[in-house]
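What's in data-v7.txt: compact mmCIF, N, CA and C atoms
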# COMPACT_ATOMS: atom_id res chain seq x y z
N MET A 1 0.84 -1.18 0.00
CA MET A 1 0.00 0.00 0.00
C MET A 1 0.89 1.24 0.00
N THR A 2 0.59 2.16 -0.86
CA THR A 2 1.34 3.40 -0.94
C THR A 2 0.97 4.30 0.23
N ARG A 3 1.96 4.89 0.83
CA ARG A 3 1.75 5.81 1.96
C ARG A 3 2.21 7.21 1.57
N LEU A 4 1.54 8.19 2.11
CA LEU A 4 1.96 9.57 1.88
C LEU A 4 3.11 9.90 2.82
N ARG A 5 4.13 10.50 2.28
CA ARG A 5 5.26 10.94 3.08
C ARG A 5 4.93 12.32 3.64
N PRO A 6 5.14 12.53 4.94
CA PRO A 6 4.90 13.87 5.50
C PRO A 6 5.83 14.90 4.87
N LEU A 7 5.32 16.09 4.66
CA LEU A 7 6.13 17.18 4.11
C LEU A 7 6.82 17.93 5.25
N ASN A 8 8.00 18.45 4.97
CA ASN A 8 8.65 19.34 5.92
C ASN A 8 8.31 20.78 5.49
N PRO A 9 8.60 21.77 6.31
CA PRO A 9 8.22 23.14 5.96
C PRO A 9 8.76 23.62 4.61
N ALA A 10 9.95 23.19 4.24
CA ALA A 10 10.52 23.63 2.96
C ALA A 10 9.77 23.07 1.76
N GLU A 11 9.16 21.91 1.91
CA GLU A 11 8.44 21.27 0.81
C GLU A 11 6.96 21.66 0.77
N ALA A 12 6.45 22.16 1.86
CA ALA A 12 5.01 22.42 1.99
C ALA A 12 4.56 23.62 1.17
N PRO A 13 3.31 23.63 0.75
CA PRO A 13 2.77 24.81 0.08
C PRO A 13 2.86 26.03 1.00
N GLU A 14 2.95 27.19 0.42
CA GLU A 14 3.09 28.43 1.20
C GLU A 14 2.01 28.55 2.28
N ALA A 15 0.80 28.17 1.96
CA ALA A 15 -0.32 28.31 2.91
C ALA A 15 -0.15 27.43 4.15
N ALA A 16 0.65 26.38 4.06
CA ALA A 16 0.84 25.46 5.18
C ALA A 16 2.17 25.67 5.90
N ARG A 17 3.07 26.36 5.27
CA ARG A 17 4.44 26.49 5.78
C ARG A 17 4.52 27.09 7.18
N SER A 18 3.79 28.17 7.43
CA SER A 18 3.89 28.82 8.75
C SER A 18 3.34 27.92 9.86
N ILE A 19 2.31 27.14 9.55
CA ILE A 19 1.75 26.23 10.55
C ILE A 19 2.77 25.15 10.90
N LEU A 20 3.43 24.60 9.89
CA LEU A 20 4.44 23.58 10.14
C LEU A 20 5.64 24.15 10.90
N GLU A 21 6.03 25.36 10.57
CA GLU A 21 7.16 25.99 11.27
C GLU A 21 6.82 26.23 12.73
N THR A 22 5.59 26.65 13.01
CA THR A 22 5.16 26.85 14.40
C THR A 22 5.17 25.53 15.16
N ALA A 23 4.69 24.47 14.53
CA ALA A 23 4.70 23.16 15.17
C ALA A 23 6.13 22.70 15.44
N MET A 24 7.02 22.96 14.51
CA MET A 24 8.42 22.57 14.67
C MET A 24 9.07 23.33 15.83
N GLN A 25 8.76 24.61 15.96
CA GLN A 25 9.32 25.41 17.05
C GLN A 25 8.79 24.92 18.40
N ALA A 26 7.53 24.51 18.44
CA ALA A 26 6.91 24.09 19.69
C ALA A 26 7.40 22.71 20.16
N THR A 27 7.62 21.79 19.21
CA THR A 27 7.94 20.42 19.61
C THR A 27 9.29 19.92 19.12
N GLY A 28 9.96 20.70 18.29
CA GLY A 28 11.25 20.28 17.77
C GLY A 28 11.15 19.46 16.49
N LYS A 29 9.95 19.11 16.09
CA LYS A 29 9.75 18.38 14.84
C LYS A 29 8.33 18.62 14.35
N VAL A 30 8.10 18.31 13.10
CA VAL A 30 6.76 18.44 12.53
C VAL A 30 6.02 17.14 12.81
N PRO A 31 4.86 17.19 13.48
CA PRO A 31 4.11 15.95 13.69
C PRO A 31 3.76 15.30 12.34
N VAL A 32 3.80 13.99 12.30
CA VAL A 32 3.53 13.26 11.07
C VAL A 32 2.17 13.65 10.50
N SER A 33 1.16 13.73 11.36
CA SER A 33 -0.18 14.07 10.87
C SER A 33 -0.20 15.44 10.21
N ALA A 34 0.49 16.41 10.81
CA ALA A 34 0.53 17.75 10.22
C ALA A 34 1.29 17.75 8.89
N GLY A 35 2.36 16.98 8.82
CA GLY A 35 3.13 16.89 7.59
C GLY A 35 2.33 16.30 6.44
N ILE A 36 1.47 15.35 6.76
CA ILE A 36 0.61 14.76 5.73
C ILE A 36 -0.53 15.73 5.37
N GLN A 37 -1.14 16.32 6.38
CA GLN A 37 -2.23 17.26 6.13
C GLN A 37 -1.74 18.50 5.37
N ALA A 38 -0.46 18.80 5.44
CA ALA A 38 0.09 19.97 4.75
C ALA A 38 -0.06 19.87 3.24
N ARG A 39 -0.27 18.67 2.74
CA ARG A 39 -0.48 18.50 1.30
C ARG A 39 -1.76 19.20 0.84
N CYS A 40 -2.67 19.43 1.78
CA CYS A 40 -3.92 20.15 1.49
C CYS A 40 -4.11 21.18 2.61
N PRO A 41 -3.60 22.40 2.45
CA PRO A 41 -3.63 23.39 3.52
C PRO A 41 -5.00 23.60 4.19
N PRO A 42 -6.13 23.58 3.47
CA PRO A 42 -7.41 23.72 4.17
C PRO A 42 -7.66 22.60 5.18
N ILE A 43 -7.22 21.39 4.87
CA ILE A 43 -7.37 20.29 5.82
C ILE A 43 -6.46 20.51 7.02
N LEU A 44 -5.24 20.96 6.79
CA LEU A 44 -4.32 21.24 7.89
C LEU A 44 -4.91 22.30 8.81
N LYS A 45 -5.44 23.37 8.25
CA LYS A 45 -6.03 24.45 9.06
C LYS A 45 -7.24 23.95 9.83
N ALA A 46 -8.07 23.13 9.20
CA ALA A 46 -9.25 22.59 9.88
C ALA A 46 -8.84 21.66 11.02
N GLY A 47 -7.81 20.87 10.80
CA GLY A 47 -7.32 19.97 11.84
C GLY A 47 -6.78 20.73 13.04
N ARG A 48 -6.07 21.81 12.78
CA ARG A 48 -5.54 22.63 13.88
C ARG A 48 -6.71 23.27 14.66
N ALA A 49 -7.73 23.74 13.94
CA ALA A 49 -8.89 24.35 14.60
C ALA A 49 -9.62 23.32 15.46
N LEU A 50 -9.76 22.12 14.94
CA LEU A 50 -10.42 21.05 15.69
C LEU A 50 -9.63 20.72 16.95
N SER A 51 -8.32 20.69 16.84
CA SER A 51 -7.47 20.41 18.01
C SER A 51 -7.58 21.49 19.07
N ALA A 52 -7.78 22.73 18.64
CA ALA A 52 -7.85 23.85 19.58
C ALA A 52 -9.23 24.00 20.22
N ALA A 53 -10.24 23.40 19.64
CA ALA A 53 -11.62 23.61 20.08
C ALA A 53 -11.86 23.29 21.56
N PRO A 54 -11.37 22.18 22.11
CA PRO A 54 -11.65 21.92 23.53
C PRO A 54 -11.15 23.02 24.46
N ALA A 55 -9.98 23.56 24.20
CA ALA A 55 -9.44 24.62 25.05
C ALA A 55 -10.24 25.90 24.93
N GLU A 56 -10.74 26.17 23.73
CA GLU A 56 -11.49 27.40 23.49
C GLU A 56 -12.93 27.33 23.97
N SER A 57 -13.44 26.12 24.18
CA SER A 57 -14.85 25.97 24.56
C SER A 57 -15.11 26.35 26.01
N ASN A 58 -14.09 26.24 26.85
CA ASN A 58 -14.21 26.54 28.28
C ASN A 58 -15.26 25.68 28.98
N THR A 59 -15.56 24.50 28.44
CA THR A 59 -16.51 23.62 29.10
C THR A 59 -15.83 22.57 29.96
N LEU A 60 -14.53 22.37 29.75
CA LEU A 60 -13.76 21.44 30.56
C LEU A 60 -12.72 22.20 31.36
N SER A 61 -12.45 21.73 32.57
CA SER A 61 -11.40 22.36 33.37
C SER A 61 -10.05 22.10 32.70
N ALA A 62 -9.08 22.92 33.02
CA ALA A 62 -7.74 22.75 32.45
C ALA A 62 -7.17 21.38 32.81
N GLU A 63 -7.42 20.94 34.04
CA GLU A 63 -6.91 19.64 34.48
C GLU A 63 -7.53 18.50 33.67
N LEU A 64 -8.84 18.56 33.46
CA LEU A 64 -9.51 17.51 32.69
C LEU A 64 -9.06 17.53 31.22
N ARG A 65 -8.88 18.73 30.65
CA ARG A 65 -8.37 18.81 29.27
C ARG A 65 -7.00 18.16 29.16
N TYR A 66 -6.15 18.43 30.14
CA TYR A 66 -4.82 17.83 30.15
C TYR A 66 -4.92 16.30 30.19
N LEU A 67 -5.76 15.78 31.07
CA LEU A 67 -5.90 14.33 31.19
C LEU A 67 -6.45 13.70 29.91
N VAL A 68 -7.42 14.36 29.28
CA VAL A 68 -7.97 13.86 28.02
C VAL A 68 -6.90 13.85 26.95
N CYS A 69 -6.16 14.93 26.82
CA CYS A 69 -5.09 14.99 25.82
C CYS A 69 -4.00 13.97 26.10
N PHE A 70 -3.66 13.81 27.36
CA PHE A 70 -2.63 12.85 27.74
C PHE A 70 -3.07 11.43 27.39
N ARG A 71 -4.31 11.10 27.70
CA ARG A 71 -4.82 9.76 27.40
C ARG A 71 -4.92 9.54 25.88
N ALA A 72 -5.36 10.54 25.16
CA ALA A 72 -5.43 10.41 23.69
C ALA A 72 -4.03 10.17 23.13
N ALA A 73 -3.03 10.86 23.66
CA ALA A 73 -1.66 10.66 23.20
C ALA A 73 -1.19 9.24 23.51
N GLN A 74 -1.57 8.72 24.66
CA GLN A 74 -1.19 7.34 25.00
C GLN A 74 -1.83 6.36 24.02
N ILE A 75 -3.09 6.58 23.70
CA ILE A 75 -3.82 5.67 22.81
C ILE A 75 -3.16 5.60 21.44
N VAL A 76 -2.72 6.73 20.92
CA VAL A 76 -2.09 6.74 19.60
C VAL A 76 -0.58 6.58 19.67
N THR A 77 -0.08 6.20 20.82
CA THR A 77 1.34 5.97 21.09
C THR A 77 2.21 7.17 20.74
N CYS A 78 1.75 8.34 21.12
CA CYS A 78 2.51 9.56 20.93
C CYS A 78 3.69 9.57 21.91
N PRO A 79 4.88 9.94 21.49
CA PRO A 79 6.05 9.86 22.35
C PRO A 79 6.12 10.86 23.52
N PHE A 80 5.27 11.88 23.52
CA PHE A 80 5.33 12.80 24.64
C PHE A 80 4.18 12.49 25.53
Now that the file is in, can you turn its structure into structure tokens?
Amino acid sequence: MTRLRPLNPAEAPEAARSILETAMQATGKVPVSAGIQARCPPILKAGRALSAAPAESNTLSAELRYLVCFRAAQIVTCPF
């Protein structure tokens, strides 16, 4: 099965480049999902908005948001 290779900021379309650079500054690398989504900048932007939604909704406490994010990272075997 053919797999999409994640793009790095230099390879990404202009519309996605700043998002990838911000992610790289925050974590030291571009997350694989963001690198793949960068192939279609509207999808990358929508994914980032979806990720930010729980914090912006103010319906969960900061502690519960942290625990949810931590558990989600464990489920997908995220290294942090």
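Counting from atom CA of Leu7 of chain A, the distance to atom N of Gly35 of chain A is 6.0 Å.
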Exercise: Leu44 of chain A partners within 10 Å, only C-alpha atoms, chain neighbours under 6 positions left out, as a ChimeraX atom specification: /A:15-16,19-20,33-38,50
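One finds atom C of Met24 of chain A at 19.6 Å from atom CA of Cys40 of chain A.
With only C-alpha atoms as the atoms that count, the minimum distance from Ala52 of chain A to the choices A:Cys69, A:Leu64, A:Cys78, A:Val30 is reached by A:Cys69.
The space between atom CA of Arg39 of chain A and atom C of Tyr66 of chain A spans 29.3 Å.
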Show me, as JSON, the centre and edge lengths in Å to one decimal of the axis-aligned box that covers every listed atom of segment 47-51 of chain A with 3 Å on each side.
{"center_x": -8.0, "center_y": 22.2, "center_z": 14.9, "size_x": 10.9, "size_y": 10.4, "size_z": 14.3}
Among chain A, which ones does DSSP assign to helix (DSSP H, G or I) (computed from the backbone)? Answer as a PyMOL selection string. chain A and resi 14-27+32-37+41-57+62-75
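When all atoms listed in the file are used to measure the gap to Pro13 of chain A, the shortest distance among A:Leu60, A:Gly47, A:Lys29, A:Pro41 belongs to A:Pro41.
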